[in-house]
$ cat upload.pdb   # PDB, C-alpha atoms, pLDDT in the B column
ATOM      1  CA  MET U 211       8.912  43.702-139.159  1.00 91.00           C
ATOM      2  CA  ASN U 212      11.396  43.974-136.287  1.00 96.00           C
ATOM      3  CA  LEU U 213      14.463  41.973-137.319  1.00 98.00           C
ATOM      4  CA  LYS U 214      15.960  41.509-133.863  1.00 97.00           C
ATOM      5  CA  ASP U 215      16.257  37.781-133.145  1.00 97.00           C
ATOM      6  CA  ARG U 216      14.450  36.923-136.386  1.00 98.00           C
ATOM      7  CA  ASN U 217      15.684  33.706-137.958  1.00 98.00           C
ATOM      8  CA  VAL U 218      16.971  34.441-141.476  1.00 98.00           C
ATOM      9  CA  VAL U 219      18.421  32.167-144.169  1.00 98.00           C
ATOM     10  CA  VAL U 220      20.414  33.834-146.954  1.00 98.00           C
ATOM     11  CA  THR U 221      21.557  31.728-149.900  1.00 98.00           C
ATOM     12  CA  GLY U 222      24.738  32.956-151.571  1.00 97.00           C
ATOM     13  CA  GLY U 223      25.465  35.091-148.514  1.00 97.00           C
ATOM     14  CA  SER U 224      29.215  34.569-148.342  1.00 97.00           C
ATOM     15  CA  ARG U 225      30.183  37.161-150.966  1.00 95.00           C
ATOM     16  CA  GLY U 226      28.948  40.077-153.069  1.00 95.00           C
ATOM     17  CA  LEU U 227      25.430  41.412-152.580  1.00 97.00           C
ATOM     18  CA  GLY U 228      24.511  38.510-150.327  1.00 97.00           C
ATOM     19  CA  LEU U 229      27.350  39.291-147.957  1.00 98.00           C
ATOM     20  CA  GLY U 230      26.337  42.953-147.867  1.00 98.00           C
ATOM     21  CA  LEU U 231      22.845  41.856-146.854  1.00 98.00           C
ATOM     22  CA  VAL U 232      24.159  39.488-144.192  1.00 98.00           C
ATOM     23  CA  GLU U 233      26.173  42.346-142.694  1.00 98.00           C
ATOM     24  CA  ALA U 234      23.073  44.558-142.616  1.00 98.00           C
ATOM     25  CA  LEU U 235      20.947  41.819-141.036  1.00 98.00           C
ATOM     26  CA  VAL U 236      23.514  41.096-138.336  1.00 98.00           C
ATOM     27  CA  ALA U 237      23.676  44.822-137.538  1.00 98.00           C
ATOM     28  CA  ARG U 238      19.887  44.705-136.881  1.00 98.00           C
ATOM     29  CA  GLY U 239      20.247  41.773-134.482  1.00 98.00           C
ATOM     30  CA  ALA U 240      18.911  39.033-136.771  1.00 98.00           C
ATOM     31  CA  ARG U 241      20.034  35.425-136.356  1.00 98.00           C
ATOM     32  CA  VAL U 242      21.435  34.586-139.779  1.00 98.00           C
ATOM     33  CA  THR U 243      22.266  31.298-141.467  1.00 98.00           C
ATOM     34  CA  VAL U 244      24.337  31.607-144.641  1.00 98.00           C
ATOM     35  CA  VAL U 245      24.059  28.879-147.290  1.00 98.00           C
ATOM     36  CA  ALA U 246      26.755  28.634-149.970  1.00 97.00           C
ATOM     37  CA  ARG U 247      29.093  26.114-151.556  1.00 95.00           C
ATOM     38  CA  GLY U 248      32.539  27.541-150.820  1.00 94.00           C
ATOM     39  CA  ALA U 249      33.784  26.259-147.471  1.00 94.00           C
ATOM     40  CA  GLU U 250      36.584  28.823-147.193  1.00 96.00           C
ATOM     41  CA  ALA U 251      34.297  31.813-147.800  1.00 96.00           C
ATOM     42  CA  LEU U 252      31.708  30.378-145.410  1.00 97.00           C
ATOM     43  CA  GLU U 253      34.314  29.928-142.698  1.00 97.00           C
ATOM     44  CA  ALA U 254      35.464  33.518-143.144  1.00 97.00           C
ATOM     45  CA  VAL U 255      31.981  35.040-142.930  1.00 98.00           C
ATOM     46  CA  GLY U 256      31.047  32.828-140.002  1.00 98.00           C
ATOM     47  CA  ARG U 257      34.153  33.821-138.089  1.00 97.00           C
ATOM     48  CA  ARG U 258      33.849  37.549-138.840  1.00 98.00           C
ATOM     49  CA  LEU U 259      30.100  38.012-138.346  1.00 98.00           C
ATOM     50  CA  GLY U 260      29.220  35.194-135.951  1.00 98.00           C
ATOM     51  CA  VAL U 261      26.583  33.721-138.256  1.00 98.00           C
ATOM     52  CA  ALA U 262      25.692  30.076-138.743  1.00 98.00           C
ATOM     53  CA  THR U 263      26.830  28.547-142.021  1.00 98.00           C
ATOM     54  CA  ILE U 264      25.777  25.560-144.114  1.00 98.00           C
ATOM     55  CA  SER U 265      27.739  24.309-147.096  1.00 98.00           C
ATOM     56  CA  ALA U 266      25.317  23.157-149.791  1.00 98.00           C
ATOM     57  CA  ASP U 267      24.588  23.337-153.498  1.00 97.00           C
ATOM     58  CA  VAL U 268      21.485  25.533-153.801  1.00 97.00           C
ATOM     59  CA  THR U 269      20.385  23.589-156.884  1.00 98.00           C
ATOM     60  CA  ASP U 270      20.089  20.433-154.750  1.00 98.00           C
ATOM     61  CA  GLU U 271      16.359  19.976-154.176  1.00 98.00           C
ATOM     62  CA  THR U 272      16.818  17.797-151.110  1.00 98.00           C
ATOM     63  CA  ALA U 273      19.142  20.374-149.531  1.00 98.00           C
ATOM     64  CA  ALA U 274      16.501  23.088-149.894  1.00 98.00           C
ATOM     65  CA  HIS U 275      13.873  21.009-148.084  1.00 98.00           C
ATOM     66  CA  ARG U 276      16.325  19.782-145.443  1.00 98.00           C
ATOM     67  CA  ILE U 277      17.727  23.211-144.585  1.00 98.00           C
ATOM     68  CA  LEU U 278      14.351  24.944-144.372  1.00 98.00           C
ATOM     69  CA  GLY U 279      13.003  22.059-142.317  1.00 98.00           C
ATOM     70  CA  GLU U 280      15.900  22.290-139.865  1.00 98.00           C
ATOM     71  CA  VAL U 281      16.257  26.071-139.602  1.00 98.00           C
ATOM     72  CA  ARG U 282      12.593  27.095-139.998  1.00 97.00           C
ATOM     73  CA  PRO U 283      13.409  30.709-140.904  1.00 98.00           C
ATOM     74  CA  ASP U 284      11.119  33.688-140.460  1.00 98.00           C
ATOM     75  CA  ILE U 285      12.778  35.192-143.546  1.00 98.00           C
ATOM     76  CA  LEU U 286      14.294  33.412-146.547  1.00 98.00           C
ATOM     77  CA  VAL U 287      16.424  35.366-149.017  1.00 98.00           C
ATOM     78  CA  LEU U 288      17.184  33.645-152.325  1.00 98.00           C
ATOM     79  CA  ASN U 289      20.279  35.506-153.446  1.00 97.00           C
ATOM     80  CA  ALA U 290      22.560  32.786-154.817  1.00 96.00           C
ATOM     81  CA  GLY U 291      23.270  32.793-158.523  1.00 94.00           C
ATOM     82  CA  ALA U 292      25.883  31.950-161.115  1.00 94.00           C
ATOM     83  CA  THR U 293      28.008  34.357-163.125  1.00 92.00           C
ATOM     84  CA  PRO U 294      26.986  33.820-166.763  1.00 92.00           C
ATOM     85  CA  ARG U 295      29.388  33.555-169.664  1.00 90.00           C
ATOM     86  CA  MET U 296      29.590  37.004-171.228  1.00 93.00           C
ATOM     87  CA  GLY U 297      29.492  37.246-175.007  1.00 93.00           C
ATOM     88  CA  ARG U 298      27.459  38.245-178.033  1.00 92.00           C
ATOM     89  CA  LEU U 299      24.390  36.201-178.915  1.00 95.00           C
ATOM     90  CA  ASP U 300      26.115  34.724-181.972  1.00 96.00           C
ATOM     91  CA  GLN U 301      29.058  33.538-179.871  1.00 93.00           C
ATOM     92  CA  LEU U 302      27.332  31.560-177.103  1.00 96.00           C
ATOM     93  CA  SER U 303      26.698  27.833-176.949  1.00 97.00           C
ATOM     94  CA  TRP U 304      23.448  26.651-175.366  1.00 97.00           C
ATOM     95  CA  LYS U 305      25.423  25.537-172.299  1.00 96.00           C
ATOM     96  CA  ASP U 306      26.796  29.050-171.853  1.00 96.00           C
ATOM     97  CA  PHE U 307      23.484  30.714-172.704  1.00 97.00           C
ATOM     98  CA  SER U 308      21.517  28.658-170.158  1.00 97.00           C
ATOM     99  CA  VAL U 309      23.839  28.895-167.134  1.00 96.00           C
ATOM    100  CA  ALA U 310      21.495  31.135-165.150  1.00 96.00           C
ATOM    101  CA  TRP U 311      18.503  28.933-165.961  1.00 97.00           C
ATOM    102  CA  GLU U 312      20.323  25.837-164.728  1.00 97.00           C
ATOM    103  CA  THR U 313      21.398  27.560-161.497  1.00 97.00           C
ATOM    104  CA  ASP U 314      19.408  30.657-160.512  1.00 97.00           C
ATOM    105  CA  VAL U 315      16.025  29.486-161.812  1.00 98.00           C
ATOM    106  CA  LYS U 316      16.444  25.859-160.773  1.00 98.00           C
ATOM    107  CA  ALA U 317      17.505  26.882-157.271  1.00 98.00           C
ATOM    108  CA  GLY U 318      14.683  29.417-157.098  1.00 98.00           C
ATOM    109  CA  LEU U 319      12.121  26.771-158.021  1.00 98.00           C
ATOM    110  CA  TYR U 320      13.354  24.258-155.439  1.00 98.00           C
ATOM    111  CA  TRP U 321      13.559  26.744-152.559  1.00 98.00           C
ATOM    112  CA  VAL U 322      10.216  28.392-153.351  1.00 98.00           C
ATOM    113  CA  GLN U 323       8.596  24.964-153.558  1.00 98.00           C
ATOM    114  CA  ALA U 324      10.165  23.973-150.248  1.00 98.00           C
ATOM    115  CA  ALA U 325       8.853  27.162-148.608  1.00 98.00           C
ATOM    116  CA  LEU U 326       5.332  26.408-149.906  1.00 98.00           C
ATOM    117  CA  ASN U 327       5.269  22.675-149.258  1.00 98.00           C
ATOM    118  CA  LEU U 328       7.005  22.513-145.887  1.00 98.00           C
ATOM    119  CA  PRO U 329       5.480  25.108-145.354  1.00 98.00           C
ATOM    120  CA  LEU U 330       7.162  28.030-143.627  1.00 98.00           C
ATOM    121  CA  LYS U 331       5.079  29.444-140.791  1.00 97.00           C
ATOM    122  CA  PRO U 332       2.457  32.184-141.321  1.00 98.00           C
ATOM    123  CA  GLY U 333       3.975  35.656-141.432  1.00 97.00           C
ATOM    124  CA  SER U 334       7.173  34.446-143.100  1.00 98.00           C
ATOM    125  CA  ARG U 335       8.753  36.495-145.911  1.00 98.00           C
ATOM    126  CA  VAL U 336      10.608  35.088-148.920  1.00 98.00           C
ATOM    127  CA  LEU U 337      12.721  37.534-150.920  1.00 98.00           C
ATOM    128  CA  VAL U 338      13.616  36.375-154.435  1.00 98.00           C
ATOM    129  CA  GLY U 339      16.670  38.018-156.011  1.00 98.00           C
ATOM    130  CA  SER U 340      16.062  39.318-159.540  1.00 98.00           C
ATOM    131  CA  SER U 341      17.950  41.940-161.582  1.00 96.00           C
ATOM    132  CA  GLY U 342      17.539  45.074-163.637  1.00 95.00           C
ATOM    133  CA  ALA U 343      18.316  42.809-166.587  1.00 95.00           C
ATOM    134  CA  ALA U 344      14.805  41.419-166.078  1.00 97.00           C
ATOM    135  CA  VAL U 345      13.489  44.842-167.137  1.00 96.00           C
ATOM    136  CA  THR U 346      15.821  45.975-169.901  1.00 92.00           C
ATOM    137  CA  GLY U 347      17.551  42.766-170.968  1.00 95.00           C
ATOM    138  CA  SER U 348      21.282  42.148-171.077  1.00 93.00           C
ATOM    139  CA  GLN U 349      22.450  41.328-174.580  1.00 93.00           C
ATOM    140  CA  MET U 350      25.949  40.311-173.486  1.00 93.00           C
ATOM    141  CA  SER U 351      24.895  37.707-170.920  1.00 95.00           C
ATOM    142  CA  GLY U 352      22.851  35.157-172.849  1.00 96.00           C
ATOM    143  CA  GLY U 353      19.770  33.924-171.014  1.00 97.00           C
ATOM    144  CA  TYR U 354      20.519  35.848-167.819  1.00 97.00           C
ATOM    145  CA  GLY U 355      17.888  38.577-168.276  1.00 97.00           C
ATOM    146  CA  GLY U 356      15.181  36.035-169.043  1.00 98.00           C
ATOM    147  CA  SER U 357      16.129  33.930-166.039  1.00 98.00           C
ATOM    148  CA  LYS U 358      15.836  36.921-163.736  1.00 98.00           C
ATOM    149  CA  ARG U 359      12.430  37.793-165.172  1.00 98.00           C
ATOM    150  CA  MET U 360      11.365  34.208-164.543  1.00 98.00           C
ATOM    151  CA  LEU U 361      12.348  34.547-160.891  1.00 98.00           C
ATOM    152  CA  TRP U 362      10.248  37.726-160.750  1.00 97.00           C
ATOM    153  CA  PHE U 363       7.304  35.759-162.173  1.00 98.00           C
ATOM    154  CA  MET U 364       7.905  32.916-159.727  1.00 98.00           C
ATOM    155  CA  ALA U 365       7.580  35.268-156.752  1.00 98.00           C
ATOM    156  CA  LYS U 366       4.194  36.365-158.107  1.00 97.00           C
ATOM    157  CA  TYR U 367       3.094  32.792-158.812  1.00 98.00           C
ATOM    158  CA  ALA U 368       4.155  31.725-155.319  1.00 98.00           C
ATOM    159  CA  ASN U 369       2.002  34.449-153.766  1.00 98.00           C
ATOM    160  CA  GLY U 370      -0.960  33.020-155.626  1.00 97.00           C
ATOM    161  CA  VAL U 371      -0.260  29.524-154.308  1.00 98.00           C
ATOM    162  CA  ALA U 372       0.233  30.823-150.769  1.00 98.00           C
ATOM    163  CA  GLN U 373      -3.114  32.612-150.946  1.00 97.00           C
ATOM    164  CA  GLU U 374      -4.896  29.539-152.293  1.00 97.00           C
ATOM    165  CA  LYS U 375      -3.458  27.430-149.464  1.00 98.00           C
ATOM    166  CA  ASN U 376      -4.002  30.135-146.808  1.00 98.00           C
ATOM    167  CA  LEU U 377      -0.350  29.923-145.763  1.00 98.00           C
ATOM    168  CA  GLY U 378       0.192  33.553-144.801  1.00 98.00           C
ATOM    169  CA  ILE U 379       3.609  33.624-146.540  1.00 98.00           C
ATOM    170  CA  ARG U 380       4.643  36.693-148.569  1.00 98.00           C
ATOM    171  CA  PHE U 381       6.944  36.337-151.606  1.00 98.00           C
ATOM    172  CA  GLN U 382       8.664  39.492-152.883  1.00 98.00           C
ATOM    173  CA  ALA U 383      11.153  40.093-155.705  1.00 98.00           C
ATOM    174  CA  ILE U 384      14.197  42.333-155.208  1.00 98.00           C
ATOM    175  CA  VAL U 385      15.492  44.043-158.361  1.00 98.00           C
ATOM    176  CA  PRO U 386      18.871  45.850-158.202  1.00 96.00           C
ATOM    177  CA  ARG U 387      18.599  48.432-160.987  1.00 94.00           C
ATOM    178  CA  GLN U 388      22.338  48.941-161.608  1.00 92.00           C
ATOM    179  CA  MET U 389      25.575  47.007-162.058  1.00 86.00           C
ATOM    180  CA  ILE U 390      27.597  46.820-158.866  1.00 88.00           C
ATOM    181  CA  LEU U 391      31.353  46.305-158.874  1.00 84.00           C
ATOM    182  CA  GLY U 392      32.863  43.878-156.415  1.00 84.00           C
ATOM    183  CA  THR U 393      30.089  41.326-156.841  1.00 86.00           C
ATOM    184  CA  GLY U 394      31.414  38.816-159.365  1.00 83.00           C
ATOM    185  CA  ILE U 395      28.608  39.117-161.890  1.00 84.00           C
ATOM    186  CA  GLY U 396      28.715  42.916-161.683  1.00 87.00           C
ATOM    187  CA  ASP U 397      32.414  42.886-162.460  1.00 87.00           C
ATOM    188  CA  ALA U 398      32.025  40.390-165.318  1.00 88.00           C
ATOM    189  CA  ALA U 399      29.193  42.363-166.906  1.00 89.00           C
ATOM    190  CA  ALA U 400      30.833  45.766-166.460  1.00 87.00           C
ATOM    191  CA  ASN U 401      34.097  44.461-167.932  1.00 91.00           C
ATOM    192  CA  ALA U 402      32.288  43.014-170.957  1.00 89.00           C
ATOM    193  CA  TYR U 403      30.225  46.103-171.717  1.00 90.00           C
ATOM    194  CA  ALA U 404      33.033  48.544-170.979  1.00 90.00           C
ATOM    195  CA  GLY U 405      35.407  46.562-173.182  1.00 91.00           C
ATOM    196  CA  SER U 406      32.976  46.662-176.090  1.00 89.00           C
ATOM    197  CA  MET U 407      32.729  50.451-175.707  1.00 93.00           C
ATOM    198  CA  GLY U 408      36.424  51.144-175.150  1.00 93.00           C
ATOM    199  CA  ILE U 409      35.962  52.605-171.654  1.00 94.00           C
ATOM    200  CA  THR U 410      36.816  51.441-168.130  1.00 93.00           C
ATOM    201  CA  PRO U 411      34.376  49.433-165.977  1.00 90.00           C
ATOM    202  CA  GLU U 412      34.264  52.357-163.549  1.00 91.00           C
ATOM    203  CA  GLN U 413      33.238  54.710-166.339  1.00 92.00           C
ATOM    204  CA  PHE U 414      30.560  52.282-167.466  1.00 91.00           C
ATOM    205  CA  VAL U 415      28.927  51.766-164.049  1.00 89.00           C
ATOM    206  CA  ALA U 416      28.979  55.544-163.446  1.00 90.00           C
ATOM    207  CA  ARG U 417      26.227  55.726-166.079  1.00 88.00           C
ATOM    208  CA  PHE U 418      23.847  54.196-163.558  1.00 88.00           C
ATOM    209  CA  GLY U 419      24.201  57.161-161.191  1.00 89.00           C
ATOM    210  CA  ALA U 420      25.162  57.015-157.523  1.00 93.00           C
ATOM    211  CA  PRO U 421      26.881  53.759-156.558  1.00 92.00           C
ATOM    212  CA  MET U 422      25.171  51.119-154.437  1.00 95.00           C
ATOM    213  CA  PRO U 423      27.909  48.929-152.941  1.00 95.00           C
ATOM    214  CA  PRO U 424      26.917  45.599-151.362  1.00 96.00           C
ATOM    215  CA  ARG U 425      26.383  46.945-147.845  1.00 97.00           C
ATOM    216  CA  ALA U 426      24.205  49.800-149.150  1.00 97.00           C
ATOM    217  CA  PHE U 427      22.219  47.186-151.078  1.00 97.00           C
ATOM    218  CA  GLY U 428      21.877  45.207-147.855  1.00 98.00           C
ATOM    219  CA  ASP U 429      20.585  48.243-145.967  1.00 98.00           C
ATOM    220  CA  ARG U 430      17.941  48.813-148.635  1.00 98.00           C
ATOM    221  CA  VAL U 431      16.775  45.202-148.479  1.00 98.00           C
ATOM    222  CA  VAL U 432      16.583  45.458-144.697  1.00 98.00           C
ATOM    223  CA  ALA U 433      14.419  48.556-145.144  1.00 98.00           C
ATOM    224  CA  VAL U 434      12.045  46.537-147.352  1.00 98.00           C
ATOM    225  CA  LEU U 435      11.720  44.050-144.488  1.00 98.00           C
ATOM    226  CA  GLU U 436      11.415  46.581-141.676  1.00 98.00           C
ATOM    227  CA  ASP U 437       9.283  49.365-143.133  1.00 97.00           C
ATOM    228  CA  PRO U 438       5.519  48.660-143.018  1.00 97.00           C
ATOM    229  CA  GLN U 439       4.982  50.540-146.302  1.00 96.00           C
ATOM    230  CA  TYR U 440       6.781  47.689-148.112  1.00 97.00           C
ATOM    231  CA  ALA U 441       4.989  44.820-146.386  1.00 95.00           C
ATOM    232  CA  GLU U 442       2.460  44.217-149.168  1.00 92.00           C
ATOM    233  CA  GLY U 443       4.394  45.047-152.339  1.00 95.00           C
ATOM    234  CA  VAL U 444       5.559  42.314-154.704  1.00 97.00           C
ATOM    235  CA  VAL U 445       8.479  43.781-156.684  1.00 98.00           C
ATOM    236  CA  PHE U 446      10.968  46.382-155.434  1.00 98.00           C
ATOM    237  CA  GLY U 447      13.636  48.163-157.460  1.00 98.00           C
ATOM    238  CA  LEU U 448      16.773  49.295-155.640  1.00 98.00           C
ATOM    239  CA  ASN U 449      19.428  51.767-156.763  1.00 96.00           C
ATOM    240  CA  GLY U 450      21.890  54.285-155.427  1.00 95.00           C
ATOM    241  CA  ASP U 451      19.992  57.419-156.415  1.00 94.00           C
ATOM    242  CA  ASP U 452      16.377  56.635-155.540  1.00 91.00           C
ATOM    243  CA  GLY U 453      16.766  54.011-152.831  1.00 95.00           C
ATOM    244  CA  ILE U 454      13.664  51.794-152.980  1.00 98.00           C
ATOM    245  CA  ALA U 455      10.899  51.999-155.563  1.00 97.00           C
ATOM    246  CA  VAL U 456       7.792  49.823-155.619  1.00 97.00           C
ATOM    247  CA  MET U 457       7.708  48.370-159.129  1.00 97.00           C
ATOM    248  CA  GLU U 458       4.642  46.196-158.532  1.00 96.00           C
ATOM    249  CA  GLY U 459       2.253  46.522-155.626  1.00 93.00           C
ATOM    250  CA  ALA U 460       0.178  43.737-154.137  1.00 83.00           C
ATOM    251  CA  ALA U 461      -2.483  42.278-156.395  1.00 64.00           C
ATOM    252  CA  ALA U 462      -5.999  43.454-155.669  1.00 49.00           C
TER     253      ALA U 462
END
$ encode --input "upload.pdb" --output "structure tokens"
Amino acid sequence: MNLKDRNVVVTGGSRGLGLGLVEALVARGARVTVVARGAEALEAVGRRLGVATISADVTDETAAHRILGEVRPDILVLNAGATPRMGRLDQLSWKDFSVAWETDVKAGLYWVQAALNLPLKPGSRVLVGSSGAAVTGSQMSGGYGGSKRMLWFMAKYANGVAQEKNLGIRFQAIVPRQMILGTGIGDAAANAYAGSMGITPEQFVARFGAPMPPRAFGDRVVAVLEDPQYAEGVVFGLNGDDGIAVMEGAAA
């Protein structure tokens, strides 16, 4: 897929991994709309990168339908998510435990449903942000790992619906396989795990191998969109050492 002049919506694109992706998309000539809540961060990214911005709560179902109906993107990237409360299982209230379910999963459901029911035009791609915690768990972040696995499942379920309805829309899950400093949740998680081990966050994230800062993450996601070998896969793992790995191919 040639990204030049493609219309792209990125939720949570004003900071962290989402911002790194927006930078990579702009460098390829895409027309990007960033959706986030923070007006100040949106203003900054809009001014620096020349992208369109929309201030909205991604867990607002009506906002998802309205924005996709107005922008009609060729590519939708569901990156927005909350930073969970970090703590041991025996220390978390249900409210803390379920933060990612009430934000990441709820937003994922509404935006995926909007993409299917609007629907987006044939040939559109929807990238659903997951996490390595969906594979190995994350015992210090409550329900976060489960929520990210649910988003992975939702991408697969959405492909089934799209096929049944002959929509021609491809849903794919993106799974960063390492903690990344400078991303909010990466910092919170690294601080929690490093603190429990008596080491620095930098020492902890070094265990994942070569770093993958936000812009490098963005370049890898762009490669998933541009390279024909990734057009049919469903789940892609990204890290600093191996780049892109197909974790699940297209269903037969």
$ resolve_selection --input "upload.pdb" --expression "the PyMOL selection byres ((chain U and resi 357) around 8)" --output "number ranges by chain"
U: 310-311, 314-315, 344, 353-356, 358-361
$ residues_around --input "upload.pdb" --residues "Asn289 (chain U)" --least-positions-apart "2" --cutoff "9 Å" --atoms "only C-alpha atoms" --output "MDAnalysis selection string"
chainID U and resid 220:223 227:228 287 291 314 337:340
$ resolve_selection --input "upload.pdb" --expression "the PyMOL selection byres ((chain U and resi 455) around 12)" --output "list in words"
Ala383, Ile384, Val385, Pro386, Arg387, Arg430, Val431, Ala433, Val434, Gln439, Tyr440, Gly443, Val444, Val445, Phe446, Gly447, Leu448, Asn449, Gly450, Asp451, Asp452, Gly453, Ile454, Val456, Met457, Glu458 and Gly459 of chain U
$ write_last_selection --input "upload.pdb" --atoms "C-alpha atoms" --output "PDB file, in the coordinates of the input"
ATOM      1  CA  ALA U 383      11.153  40.093-155.705  1.00 98.00           C
ATOM      2  CA  ILE U 384      14.197  42.333-155.208  1.00 98.00           C
ATOM      3  CA  VAL U 385      15.492  44.043-158.361  1.00 98.00           C
ATOM      4  CA  PRO U 386      18.871  45.850-158.202  1.00 96.00           C
ATOM      5  CA  ARG U 387      18.599  48.432-160.987  1.00 94.00           C
ATOM      6  CA  ARG U 430      17.941  48.813-148.635  1.00 98.00           C
ATOM      7  CA  VAL U 431      16.775  45.202-148.479  1.00 98.00           C
ATOM      8  CA  ALA U 433      14.419  48.556-145.144  1.00 98.00           C
ATOM      9  CA  VAL U 434      12.045  46.537-147.352  1.00 98.00           C
ATOM     10  CA  GLN U 439       4.982  50.540-146.302  1.00 96.00           C
ATOM     11  CA  TYR U 440       6.781  47.689-148.112  1.00 97.00           C
ATOM     12  CA  GLY U 443       4.394  45.047-152.339  1.00 95.00           C
ATOM     13  CA  VAL U 444       5.559  42.314-154.704  1.00 97.00           C
ATOM     14  CA  VAL U 445       8.479  43.781-156.684  1.00 98.00           C
ATOM     15  CA  PHE U 446      10.968  46.382-155.434  1.00 98.00           C
ATOM     16  CA  GLY U 447      13.636  48.163-157.460  1.00 98.00           C
ATOM     17  CA  LEU U 448      16.773  49.295-155.640  1.00 98.00           C
ATOM     18  CA  ASN U 449      19.428  51.767-156.763  1.00 96.00           C
ATOM     19  CA  GLY U 450      21.890  54.285-155.427  1.00 95.00           C
ATOM     20  CA  ASP U 451      19.992  57.419-156.415  1.00 94.00           C
ATOM     21  CA  ASP U 452      16.377  56.635-155.540  1.00 91.00           C
ATOM     22  CA  GLY U 453      16.766  54.011-152.831  1.00 95.00           C
ATOM     23  CA  ILE U 454      13.664  51.794-152.980  1.00 98.00           C
ATOM     24  CA  VAL U 456       7.792  49.823-155.619  1.00 97.00           C
ATOM     25  CA  MET U 457       7.708  48.370-159.129  1.00 97.00           C
ATOM     26  CA  GLU U 458       4.642  46.196-158.532  1.00 96.00           C
ATOM     27  CA  GLY U 459       2.253  46.522-155.626  1.00 93.00           C
TER      28      GLY U 459
END
$ atom_distance --input "upload.pdb" --atom1 "CA of Gly347 (chain U)" --atom2 "CA of Ala399 (chain U)"
12.3 Å
$ residues_near_point --input "upload.pdb" --point "(15.8, 32.0, -141.4)" --cutoff "6 Å" --atoms "all atoms listed in the file" --output "list in words"
Asn217, Val218, Val219, Pro283, Asp284, Ile285 and Leu286 of chain U
$ atom_distance --input "upload.pdb" --atom1 "CA of Lys214 (chain U)" --atom2 "CA of Ala290 (chain U)"
23.6 Å
$ resolve_selection --input "upload.pdb" --expression "the PyMOL selection byres ((chain U and resi 272-279) around 9)" --output "PyMOL selection string"
chain U and resi 219+245+264+266-271+280-283+286+317+320-325+327-330
$ decode --input "upload.pdb" --residues "region 354-368 of chain U" --atoms "C-alpha atoms" --output "PDB file, in the first residue's frame"
ATOM      1  CA  TYR U 354      -4.004  -4.941  31.262  1.00  0.00           C
ATOM      2  CA  GLY U 355      -2.645  -8.142  29.687  1.00  0.00           C
ATOM      3  CA  GLY U 356      -6.121  -9.619  29.345  1.00  0.00           C
ATOM      4  CA  SER U 357      -7.463  -6.428  27.805  1.00  0.00           C
ATOM      5  CA  LYS U 358      -4.733  -6.439  25.181  1.00  0.00           C
ATOM      6  CA  ARG U 359      -5.438 -10.076  24.348  1.00  0.00           C
ATOM      7  CA  MET U 360      -9.098  -9.166  23.953  1.00  0.00           C
ATOM      8  CA  LEU U 361      -8.167  -6.487  21.427  1.00  0.00           C
ATOM      9  CA  TRP U 362      -6.143  -9.126  19.562  1.00  0.00           C
ATOM     10  CA  PHE U 363      -9.234 -11.363  19.518  1.00  0.00           C
ATOM     11  CA  MET U 364     -11.422  -8.471  18.390  1.00  0.00           C
ATOM     12  CA  ALA U 365      -9.246  -7.884  15.322  1.00  0.00           C
ATOM     13  CA  LYS U 366      -9.734 -11.544  14.390  1.00  0.00           C
ATOM     14  CA  TYR U 367     -13.477 -11.425  15.066  1.00  0.00           C
ATOM     15  CA  ALA U 368     -13.800  -8.258  12.984  1.00  0.00           C
TER      16      ALA U 368
END
